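First the structure, in the form of structure tokens, and then the observations on it.
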Amino acid sequence: MTAGSATYEFTDRVAVVTGGSSGIGRAVARRFGEAGAHVVVADVRERPRDADRPTHEAIRDAGGSADYVDCDVSDPAEVESVVEAAREYGGVDVMVNNAGVYRHAPLVEAGVDAFDRLYAVNVRGAFAGCRAAARDMLDRGEPGCIVNTASISSRYAQVGHAAYDASKGAIAMLTRVAALELAGSEIRVNAVAPGRVDTRLGDGDDADASAPESVEGWDAPEFTKDVPMGRAADPEEVAGSYLFLACEDASYVTGHLLYVDGGYAVL
Ligand code: NAD
């Protein structure tokens, strides 16, 4: 599957993408790079889980401009450092809070430590990203966009997903509250809600040695049987929605969850 043909223009803009080394974040970062943005890739690992070339180097190879900043989004101070680093290029115009981890465990077997860790990355990380970016935009008196990565899990319950689905439900509400509070300051806040996307998310949390190898690829029949289109998405098929939500064509769109899910949300 190739990237879409819609062209976006982000020249002289700065886009921060957390979790930008791999999977969806990598595809999003590369599309912003192609669209002319300076891209700050923020991740706990520079080396992608699913490719050889680090994302910022791939963007540069393609003629774009990008940096990598080591950042564990569960630490708000590290997220603030990333936003501070972006000031060198003029400040964050687009903040993509995408870093996330996944665990599969039946509720009665799920551990509180694992729950806390998942929440720290998926929810506290996105909260810290929204807050740091919004403060920066307000300080500079500039408009901006925040795009969070939600999920079909923001709305649809799945067996074994107590912690994960709760975390993505929280992203939906974080997005809406942030949109409401920032609407009068020309800062739009939206979320992309992917369905099954063929990434290495199921490999677990790099920073948590106790996290098991949890699931096989999302393109396995077990995961795609409920998808009306009958397959998982390639990350490239999801990436364009982030650019749409961040571009001028979406200038009146805020607080929205855009499902990119092969029809999952129709059912
Ligand atoms: P992925 O594992 O390919 O990419 C996740 C990236 O986040 C990795 O580069 C990883 O190193 C990084 N990361 C993990 N913990 C981090 C931390 N504490 N700080 C900074 N970076 C961290 O997985 P993906 O599928 O591309 O996941 C990206 C986002 O998409 C996640 O929020 C995930 O919940 C969401 N999502 C994925 C799917 C899917 O089917 N793959 C569906 C819906 C939503």
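Chain identifiers are assigned as A, B, and so on, following the order in which chains appear in the structure tokens; residues are numbered from 1 within each chain, and ligands are numbered from 1 in order of appearance.
If you count only C-alpha atoms and ignore residues fewer than 2 places along the chain from Glu34 in chain A, what sits within 9 Å of it is Tyr8, Glu9, Phe10, Ala29, Arg30, Arg31, Phe32, Gly36, Ala37, Ile59, Ala62, Gly63 and Gly64 of chain A.
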Could you pull the residues within 7 Å of range 188-192 of chain A, counting only C-alpha atoms, minus those fewer than 5 positions along the same chain, as a list in words? Gly144, Cys145, Ile146, Val147, Asn148, Thr149, Ala150, Thr175, Ala178, Ala179, Leu182, Ala183, Ser241, Tyr242, Leu245, Thr254, Gly255, His256, Leu257, Leu258 and Tyr259 of chain A
Expected file: the selected residues, N, CA and C atoms, as a PDB file, in the first residue's frame:
ATOM      1  N   GLY A 144      -2.073  26.803  16.478  1.00  0.00           N
ATOM      2  CA  GLY A 144      -1.420  25.504  16.328  1.00  0.00           C
ATOM      3  C   GLY A 144      -2.431  24.380  16.314  1.00  0.00           C
ATOM      4  N   CYS A 145      -1.905  23.187  16.111  1.00  0.00           N
ATOM      5  CA  CYS A 145      -2.752  21.993  16.060  1.00  0.00           C
ATOM      6  C   CYS A 145      -2.157  20.886  16.898  1.00  0.00           C
ATOM      7  N   ILE A 146      -3.024  20.173  17.549  1.00  0.00           N
ATOM      8  CA  ILE A 146      -2.618  18.982  18.287  1.00  0.00           C
ATOM      9  C   ILE A 146      -3.437  17.826  17.724  1.00  0.00           C
ATOM     10  N   VAL A 147      -2.751  16.731  17.403  1.00  0.00           N
ATOM     11  CA  VAL A 147      -3.449  15.537  16.927  1.00  0.00           C
ATOM     12  C   VAL A 147      -3.009  14.361  17.796  1.00  0.00           C
ATOM     13  N   ASN A 148      -3.957  13.780  18.495  1.00  0.00           N
ATOM     14  CA  ASN A 148      -3.665  12.630  19.352  1.00  0.00           C
ATOM     15  C   ASN A 148      -3.971  11.331  18.619  1.00  0.00           C
ATOM     16  N   THR A 149      -3.309  10.262  19.047  1.00  0.00           N
ATOM     17  CA  THR A 149      -3.671   8.951  18.497  1.00  0.00           C
ATOM     18  C   THR A 149      -4.618   8.262  19.471  1.00  0.00           C
ATOM     19  N   ALA A 150      -5.877   8.218  19.058  1.00  0.00           N
ATOM     20  CA  ALA A 150      -6.885   7.471  19.819  1.00  0.00           C
ATOM     21  C   ALA A 150      -6.919   6.061  19.252  1.00  0.00           C
ATOM     22  N   THR A 175      -8.906  14.732  24.365  1.00  0.00           N
ATOM     23  CA  THR A 175      -8.962  15.480  23.096  1.00  0.00           C
ATOM     24  C   THR A 175     -10.107  16.484  23.116  1.00  0.00           C
ATOM     25  N   ALA A 178      -9.470  19.339  25.782  1.00  0.00           N
ATOM     26  CA  ALA A 178      -8.430  20.254  25.301  1.00  0.00           C
ATOM     27  C   ALA A 178      -8.968  21.111  24.155  1.00  0.00           C
ATOM     28  N   ALA A 179      -9.750  20.486  23.268  1.00  0.00           N
ATOM     29  CA  ALA A 179     -10.334  21.246  22.151  1.00  0.00           C
ATOM     30  C   ALA A 179     -11.217  22.372  22.662  1.00  0.00           C
ATOM     31  N   LEU A 182      -9.167  25.235  24.348  1.00  0.00           N
ATOM     32  CA  LEU A 182      -8.223  25.954  23.484  1.00  0.00           C
ATOM     33  C   LEU A 182      -8.874  26.532  22.230  1.00  0.00           C
ATOM     34  N   ALA A 183     -10.176  26.265  22.062  1.00  0.00           N
ATOM     35  CA  ALA A 183     -10.856  26.678  20.829  1.00  0.00           C
ATOM     36  C   ALA A 183     -10.773  28.188  20.604  1.00  0.00           C
ATOM     37  N   SER A 241      -4.394  11.120   7.419  1.00  0.00           N
ATOM     38  CA  SER A 241      -5.451  11.729   8.234  1.00  0.00           C
ATOM     39  C   SER A 241      -4.886  12.714   9.255  1.00  0.00           C
ATOM     40  N   TYR A 242      -3.677  12.439   9.715  1.00  0.00           N
ATOM     41  CA  TYR A 242      -3.032  13.361  10.663  1.00  0.00           C
ATOM     42  C   TYR A 242      -2.727  14.689   9.961  1.00  0.00           C
ATOM     43  N   LEU A 245      -5.978  16.651   9.427  1.00  0.00           N
ATOM     44  CA  LEU A 245      -6.466  17.327  10.639  1.00  0.00           C
ATOM     45  C   LEU A 245      -5.596  18.522  11.022  1.00  0.00           C
ATOM     46  N   THR A 254     -12.479  20.769  15.187  1.00  0.00           N
ATOM     47  CA  THR A 254     -11.787  20.593  16.468  1.00  0.00           C
ATOM     48  C   THR A 254     -12.611  19.696  17.384  1.00  0.00           C
ATOM     49  N   GLY A 255     -11.916  18.946  18.226  1.00  0.00           N
ATOM     50  CA  GLY A 255     -12.580  18.025  19.151  1.00  0.00           C
ATOM     51  C   GLY A 255     -13.088  16.770  18.477  1.00  0.00           C
ATOM     52  N   HIS A 256     -12.596  16.490  17.284  1.00  0.00           N
ATOM     53  CA  HIS A 256     -13.130  15.385  16.476  1.00  0.00           C
ATOM     54  C   HIS A 256     -12.251  14.138  16.568  1.00  0.00           C
ATOM     55  N   LEU A 257     -12.900  12.976  16.588  1.00  0.00           N
ATOM     56  CA  LEU A 257     -12.191  11.695  16.467  1.00  0.00           C
ATOM     57  C   LEU A 257     -12.444  11.168  15.071  1.00  0.00           C
ATOM     58  N   LEU A 258     -11.407  11.061  14.292  1.00  0.00           N
ATOM     59  CA  LEU A 258     -11.539  10.592  12.912  1.00  0.00           C
ATOM     60  C   LEU A 258     -11.180   9.106  12.854  1.00  0.00           C
ATOM     61  N   TYR A 259     -12.192   8.269  12.666  1.00  0.00           N
ATOM     62  CA  TYR A 259     -11.956   6.822  12.591  1.00  0.00           C
ATOM     63  C   TYR A 259     -11.344   6.466  11.237  1.00  0.00           C
TER      64      TYR A 259
END
Measuring between only C-alpha atoms and all ligand atoms, which one of A:Val101, A:Val260, A:Val94, A:Ala51 shows the shortest distance to ligand 1? A:Val101
Compile the contact shell of His104 in chain A as a list of chain:residue names: residues with an atom at most 9 Å away, counting only C-alpha atoms, same-chain residues fewer than 4 positions apart removed. A:Ala110, A:Val159, A:Gly160, A:His161, A:Ala162, A:Ala163, A:Tyr164, A:Gly202, A:Ser214, A:Val215
Go ahead and save the picked residues with C-alpha atoms, as a short mmCIF file (atom, residue, chain, number, x, y, z; two decimals), in the first residue's frame.
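After the write, out-v4.cif holds the following:
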data_model
loop_
_atom_site.label_atom_id
_atom_site.label_comp_id
_atom_site.auth_asym_id
_atom_site.auth_seq_id
_atom_site.Cartn_x
_atom_site.Cartn_y
_atom_site.Cartn_z
CA ALA A 110 -4.18 -7.97 35.04
CA VAL A 159 -11.81 -8.78 25.54
CA GLY A 160 -8.45 -8.56 27.33
CA HIS A 161 -8.26 -4.80 26.82
CA ALA A 162 -9.30 -3.39 30.20
CA ALA A 163 -6.20 -1.21 30.58
CA TYR A 164 -5.65 -0.45 26.89
CA GLY A 202 1.90 -6.07 20.07
CA SER A 214 1.80 -10.17 23.84
CA VAL A 215 0.22 -10.78 20.45
#
Nearby residues (only C-alpha atoms) at most 8 Å from range 21-24 of chain A, same-chain spacing under 5 positions excluded, as a PDB file with N, CA, C and O atoms, in the first residue's frame:
ATOM      1  N   VAL A  41      11.297  13.974  15.872  1.00  0.00           N
ATOM      2  CA  VAL A  41      10.867  12.618  16.232  1.00  0.00           C
ATOM      3  C   VAL A  41      11.256  12.391  17.689  1.00  0.00           C
ATOM      4  O   VAL A  41      12.424  12.492  18.055  1.00  0.00           O
ATOM      5  N   ALA A  42      10.273  12.101  18.522  1.00  0.00           N
ATOM      6  CA  ALA A  42      10.526  11.893  19.958  1.00  0.00           C
ATOM      7  C   ALA A  42      10.115  10.472  20.314  1.00  0.00           C
ATOM      8  O   ALA A  42       8.959  10.081  20.116  1.00  0.00           O
ATOM      9  N   ASP A  43      11.067   9.716  20.841  1.00  0.00           N
ATOM     10  CA  ASP A  43      10.765   8.298  21.085  1.00  0.00           C
ATOM     11  C   ASP A  43      11.705   7.782  22.166  1.00  0.00           C
ATOM     12  O   ASP A  43      12.711   8.425  22.482  1.00  0.00           O
ATOM     13  N   ARG A  45      13.185   4.991  21.653  1.00  0.00           N
ATOM     14  CA  ARG A  45      14.189   4.265  20.861  1.00  0.00           C
ATOM     15  C   ARG A  45      14.360   4.937  19.513  1.00  0.00           C
ATOM     16  O   ARG A  45      13.377   5.234  18.830  1.00  0.00           O
ATOM     17  N   GLU A  46      15.610   5.152  19.149  1.00  0.00           N
ATOM     18  CA  GLU A  46      15.880   5.788  17.858  1.00  0.00           C
ATOM     19  C   GLU A  46      15.702   4.776  16.729  1.00  0.00           C
ATOM     20  O   GLU A  46      15.218   5.110  15.652  1.00  0.00           O
ATOM     21  N   ARG A  47      16.102   3.540  17.023  1.00  0.00           N
ATOM     22  CA  ARG A  47      16.037   2.504  15.997  1.00  0.00           C
ATOM     23  C   ARG A  47      14.599   2.006  15.854  1.00  0.00           C
ATOM     24  O   ARG A  47      13.977   1.561  16.820  1.00  0.00           O
ATOM     25  N   PRO A  48      14.057   2.060  14.649  1.00  0.00           N
ATOM     26  CA  PRO A  48      12.664   1.615  14.477  1.00  0.00           C
ATOM     27  C   PRO A  48      12.499   0.145  14.842  1.00  0.00           C
ATOM     28  O   PRO A  48      13.441  -0.646  14.750  1.00  0.00           O
ATOM     29  N   ARG A  49      11.293  -0.203  15.221  1.00  0.00           N
ATOM     30  CA  ARG A  49      10.984  -1.603  15.497  1.00  0.00           C
ATOM     31  C   ARG A  49      10.767  -2.358  14.191  1.00  0.00           C
ATOM     32  O   ARG A  49      10.769  -3.576  14.170  1.00  0.00           O
ATOM     33  N   ASP A  50      10.508  -1.617  13.116  1.00  0.00           N
ATOM     34  CA  ASP A  50      10.040  -2.243  11.883  1.00  0.00           C
ATOM     35  C   ASP A  50      10.808  -1.792  10.641  1.00  0.00           C
ATOM     36  O   ASP A  50      10.332  -1.946   9.528  1.00  0.00           O
ATOM     37  N   ALA A  51      11.982  -1.190  10.841  1.00  0.00           N
ATOM     38  CA  ALA A  51      12.776  -0.722   9.690  1.00  0.00           C
ATOM     39  C   ALA A  51      14.212  -0.538  10.166  1.00  0.00           C
ATOM     40  O   ALA A  51      14.479  -0.546  11.373  1.00  0.00           O
ATOM     41  N   PRO A  54      16.678   4.966  10.988  1.00  0.00           N
ATOM     42  CA  PRO A  54      15.889   5.821  11.886  1.00  0.00           C
ATOM     43  C   PRO A  54      15.045   6.824  11.094  1.00  0.00           C
ATOM     44  O   PRO A  54      15.460   7.294  10.031  1.00  0.00           O
ATOM     45  N   THR A  55      13.896   7.138  11.632  1.00  0.00           N
ATOM     46  CA  THR A  55      12.931   7.975  10.904  1.00  0.00           C
ATOM     47  C   THR A  55      13.537   9.316  10.491  1.00  0.00           C
ATOM     48  O   THR A  55      13.367   9.743   9.338  1.00  0.00           O
ATOM     49  N   VAL A 197      -3.975  -1.799  12.595  1.00  0.00           N
ATOM     50  CA  VAL A 197      -2.893  -1.323  11.726  1.00  0.00           C
ATOM     51  C   VAL A 197      -1.714  -2.270  11.894  1.00  0.00           C
ATOM     52  O   VAL A 197      -1.367  -2.651  13.025  1.00  0.00           O
ATOM     53  N   ASP A 198      -1.125  -2.639  10.790  1.00  0.00           N
ATOM     54  CA  ASP A 198      -0.074  -3.656  10.813  1.00  0.00           C
ATOM     55  C   ASP A 198       1.246  -3.049  11.293  1.00  0.00           C
ATOM     56  O   ASP A 198       2.052  -2.564  10.503  1.00  0.00           O
ATOM     57  N   THR A 199       1.432  -3.064  12.614  1.00  0.00           N
ATOM     58  CA  THR A 199       2.643  -2.529  13.237  1.00  0.00           C
ATOM     59  C   THR A 199       3.156  -3.548  14.253  1.00  0.00           C
ATOM     60  O   THR A 199       2.568  -4.607  14.435  1.00  0.00           O
ATOM     61  N   ARG A 200       4.198  -3.165  14.974  1.00  0.00           N
ATOM     62  CA  ARG A 200       4.769  -4.058  15.995  1.00  0.00           C
ATOM     63  C   ARG A 200       4.288  -3.693  17.402  1.00  0.00           C
ATOM     64  O   ARG A 200       4.947  -4.026  18.386  1.00  0.00           O
ATOM     65  N   LEU A 201       3.154  -3.004  17.469  1.00  0.00           N
ATOM     66  CA  LEU A 201       2.624  -2.582  18.775  1.00  0.00           C
ATOM     67  C   LEU A 201       2.496  -3.753  19.745  1.00  0.00           C
ATOM     68  O   LEU A 201       2.746  -3.616  20.942  1.00  0.00           O
ATOM     69  N   PRO A 235       0.453   1.300   7.892  1.00  0.00           N
ATOM     70  CA  PRO A 235       0.552   2.612   8.554  1.00  0.00           C
ATOM     71  C   PRO A 235       0.429   3.797   7.591  1.00  0.00           C
ATOM     72  O   PRO A 235      -0.119   4.840   7.950  1.00  0.00           O
ATOM     73  N   GLU A 236       0.870   3.611   6.352  1.00  0.00           N
ATOM     74  CA  GLU A 236       0.778   4.692   5.355  1.00  0.00           C
ATOM     75  C   GLU A 236      -0.671   5.103   5.099  1.00  0.00           C
ATOM     76  O   GLU A 236      -0.944   6.251   4.745  1.00  0.00           O
ATOM     77  N   VAL A 238      -2.963   5.337   7.217  1.00  0.00           N
ATOM     78  CA  VAL A 238      -3.491   6.075   8.371  1.00  0.00           C
ATOM     79  C   VAL A 238      -2.869   7.470   8.440  1.00  0.00           C
ATOM     80  O   VAL A 238      -3.488   8.428   8.895  1.00  0.00           O
ATOM     81  N   ALA A 239      -1.640   7.573   7.939  1.00  0.00           N
ATOM     82  CA  ALA A 239      -0.839   8.784   8.158  1.00  0.00           C
ATOM     83  C   ALA A 239      -1.482  10.059   7.603  1.00  0.00           C
ATOM     84  O   ALA A 239      -1.440  11.116   8.242  1.00  0.00           O
TER      85      ALA A 239
END
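The smallest atom-to-atom distance between ligand 1 and any of A:Ser65, A:Ser185, A:Ser74, A:Thr7, using only C-alpha atoms and all ligand atoms, is found for A:Ser74.
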Counting only C-alpha atoms, what is within 12 Å of Gly195 in chain A, bar same-chain residues fewer than 3 positions away, as an mmCIF file with N, CA and C atoms, in the first residue's frame?
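To be explicit, this is the file written out as part.cif:
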data_model
loop_
_atom_site.group_PDB
_atom_site.id
_atom_site.type_symbol
_atom_site.label_atom_id
_atom_site.label_comp_id
_atom_site.auth_asym_id
_atom_site.auth_seq_id
_atom_site.Cartn_x
_atom_site.Cartn_y
_atom_site.Cartn_z
ATOM 1 N N ILE A 24 2.898 3.675 13.045
ATOM 2 C CA ILE A 24 2.065 4.800 12.608
ATOM 3 C C ILE A 24 2.836 6.107 12.728
ATOM 4 N N THR A 149 -3.309 10.262 19.047
ATOM 5 C CA THR A 149 -3.671 8.951 18.497
ATOM 6 C C THR A 149 -4.618 8.262 19.471
ATOM 7 N N ALA A 150 -5.877 8.218 19.058
ATOM 8 C CA ALA A 150 -6.885 7.471 19.819
ATOM 9 C C ALA A 150 -6.919 6.061 19.252
ATOM 10 N N SER A 151 -8.086 5.477 19.108
ATOM 11 C CA SER A 151 -8.188 4.094 18.619
ATOM 12 C C SER A 151 -9.664 3.729 18.505
ATOM 13 N N ILE A 152 -9.937 2.658 17.774
ATOM 14 C CA ILE A 152 -11.283 2.081 17.888
ATOM 15 C C ILE A 152 -11.542 1.715 19.348
ATOM 16 N N SER A 153 -10.466 1.476 20.103
ATOM 17 C CA SER A 153 -10.578 1.174 21.534
ATOM 18 C C SER A 153 -11.090 2.357 22.339
ATOM 19 N N SER A 154 -11.110 3.543 21.751
ATOM 20 C CA SER A 154 -11.675 4.700 22.450
ATOM 21 C C SER A 154 -13.180 4.546 22.609
ATOM 22 N N ARG A 155 -13.786 3.678 21.787
ATOM 23 C CA ARG A 155 -15.241 3.529 21.776
ATOM 24 C C ARG A 155 -15.704 2.090 21.941
ATOM 25 N N TYR A 156 -14.910 1.146 21.417
ATOM 26 C CA TYR A 156 -15.359 -0.243 21.351
ATOM 27 C C TYR A 156 -14.568 -1.114 22.320
ATOM 28 N N VAL A 192 -6.902 11.009 15.660
ATOM 29 C CA VAL A 192 -7.129 9.945 14.684
ATOM 30 C C VAL A 192 -7.376 8.667 15.484
ATOM 31 N N ASP A 198 -1.125 -2.639 10.790
ATOM 32 C CA ASP A 198 -0.074 -3.656 10.813
ATOM 33 C C ASP A 198 1.246 -3.049 11.293
ATOM 34 N N THR A 199 1.432 -3.064 12.614
ATOM 35 C CA THR A 199 2.643 -2.529 13.237
ATOM 36 C C THR A 199 3.156 -3.548 14.253
ATOM 37 N N TRP A 218 -1.095 -7.600 13.803
ATOM 38 C CA TRP A 218 -2.498 -7.196 13.718
ATOM 39 C C TRP A 218 -3.149 -7.634 12.413
ATOM 40 N N ASP A 219 -2.323 -8.100 11.470
ATOM 41 C CA ASP A 219 -2.917 -8.554 10.215
ATOM 42 C C ASP A 219 -3.337 -10.025 10.293
ATOM 43 N N PHE A 223 -7.443 -10.991 14.273
ATOM 44 C CA PHE A 223 -7.684 -9.572 14.532
ATOM 45 C C PHE A 223 -8.442 -8.863 13.416
ATOM 46 N N THR A 224 -8.441 -9.456 12.240
ATOM 47 C CA THR A 224 -9.090 -8.751 11.128
ATOM 48 C C THR A 224 -10.477 -9.307 10.817
ATOM 49 N N ASP A 226 -13.195 -9.073 12.363
ATOM 50 C CA ASP A 226 -14.273 -8.114 12.648
ATOM 51 C C ASP A 226 -14.172 -6.832 11.815
ATOM 52 N N VAL A 227 -13.221 -6.779 10.925
ATOM 53 C CA VAL A 227 -13.026 -5.562 10.131
ATOM 54 C C VAL A 227 -13.769 -5.721 8.805
ATOM 55 N N PRO A 228 -14.769 -4.867 8.541
ATOM 56 C CA PRO A 228 -15.524 -5.029 7.296
ATOM 57 C C PRO A 228 -14.655 -5.105 6.051
ATOM 58 N N MET A 229 -13.557 -4.361 6.020
ATOM 59 C CA MET A 229 -12.684 -4.440 4.843
ATOM 60 C C MET A 229 -11.813 -5.693 4.852
ATOM 61 N N GLY A 230 -11.858 -6.439 5.966
ATOM 62 C CA GLY A 230 -11.230 -7.754 5.994
ATOM 63 C C GLY A 230 -9.717 -7.779 6.070
ATOM 64 N N ARG A 231 -9.121 -6.666 6.427
ATOM 65 C CA ARG A 231 -7.654 -6.638 6.519
ATOM 66 C C ARG A 231 -7.236 -5.520 7.448
ATOM 67 N N ALA A 232 -5.981 -5.596 7.902
ATOM 68 C CA ALA A 232 -5.410 -4.491 8.669
ATOM 69 C C ALA A 232 -4.927 -3.419 7.699
ATOM 70 N N ALA A 233 -4.762 -2.197 8.216
ATOM 71 C CA ALA A 233 -4.224 -1.105 7.394
ATOM 72 C C ALA A 233 -2.706 -1.139 7.422
ATOM 73 N N ASP A 234 -2.119 -0.646 6.365
ATOM 74 C CA ASP A 234 -0.709 -0.309 6.393
ATOM 75 C C ASP A 234 -0.611 1.048 7.107
ATOM 76 N N PRO A 235 0.453 1.300 7.892
ATOM 77 C CA PRO A 235 0.552 2.612 8.554
ATOM 78 C C PRO A 235 0.429 3.797 7.591
ATOM 79 N N GLU A 237 -1.581 4.159 5.260
ATOM 80 C CA GLU A 237 -2.992 4.451 4.981
ATOM 81 C C GLU A 237 -3.645 5.278 6.082
ATOM 82 N N VAL A 238 -2.963 5.337 7.217
ATOM 83 C CA VAL A 238 -3.491 6.075 8.371
ATOM 84 C C VAL A 238 -2.869 7.470 8.440
ATOM 85 N N LEU A 258 -11.407 11.061 14.292
ATOM 86 C CA LEU A 258 -11.539 10.592 12.912
ATOM 87 C C LEU A 258 -11.180 9.106 12.854
ATOM 88 N N TYR A 259 -12.192 8.269 12.666
ATOM 89 C CA TYR A 259 -11.956 6.822 12.591
ATOM 90 C C TYR A 259 -11.344 6.466 11.237
ATOM 91 N N VAL A 260 -10.247 5.741 11.293
ATOM 92 C CA VAL A 260 -9.580 5.249 10.073
ATOM 93 C C VAL A 260 -9.425 3.751 10.305
ATOM 94 N N ASP A 261 -10.481 3.001 9.978
ATOM 95 C CA ASP A 261 -10.617 1.676 10.585
ATOM 96 C C ASP A 261 -11.191 0.597 9.678
ATOM 97 N N GLY A 262 -11.183 0.838 8.370
ATOM 98 C CA GLY A 262 -11.709 -0.190 7.463
ATOM 99 C C GLY A 262 -13.161 -0.533 7.705
ATOM 100 N N GLY A 263 -13.897 0.389 8.332
ATOM 101 C CA GLY A 263 -15.328 0.182 8.558
ATOM 102 C C GLY A 263 -15.686 -0.383 9.921
ATOM 103 N N TYR A 264 -14.708 -0.552 10.805
ATOM 104 C CA TYR A 264 -14.963 -1.171 12.112
ATOM 105 C C TYR A 264 -16.061 -0.416 12.877
ATOM 106 N N ALA A 265 -15.998 0.916 12.849
ATOM 107 C CA ALA A 265 -16.927 1.715 13.645
ATOM 108 C C ALA A 265 -18.344 1.732 13.057
ATOM 109 N N VAL A 266 -18.506 1.188 11.876
ATOM 110 C CA VAL A 266 -19.835 1.148 11.259
ATOM 111 C C VAL A 266 -20.721 0.136 11.981
#
Skip Ala77 in chain A itself and residues of its chain fewer than 6 positions away, then list as a PyMOL selection string all residues within 12 Å of it, counting only C-alpha atoms. chain A and resi 71+83-84+124-125+128-129+131-132
Using the selection just defined, write its residues with C-alpha atoms as a compact mmCIF listing (two decimals), in the first residue's frame.
# COMPACT_ATOMS: atom_id res chain seq x y z
CA CYS A 71 12.03 11.05 25.20
CA VAL A 83 8.86 21.10 23.01
CA GLU A 84 11.74 23.28 24.19
CA ARG A 124 -0.08 10.80 31.02
CA GLY A 125 2.14 10.99 27.92
CA ALA A 128 1.81 16.05 28.97
CA GLY A 129 2.11 16.49 25.20
CA ARG A 131 -0.23 20.62 27.88
CA ALA A 132 3.35 21.35 26.82
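When only C-alpha atoms are used to compute distances to Phe127 in chain A, the closest of the residues A:Val92, A:Val73, A:Val17, A:Val112 turns out to be A:Val73.
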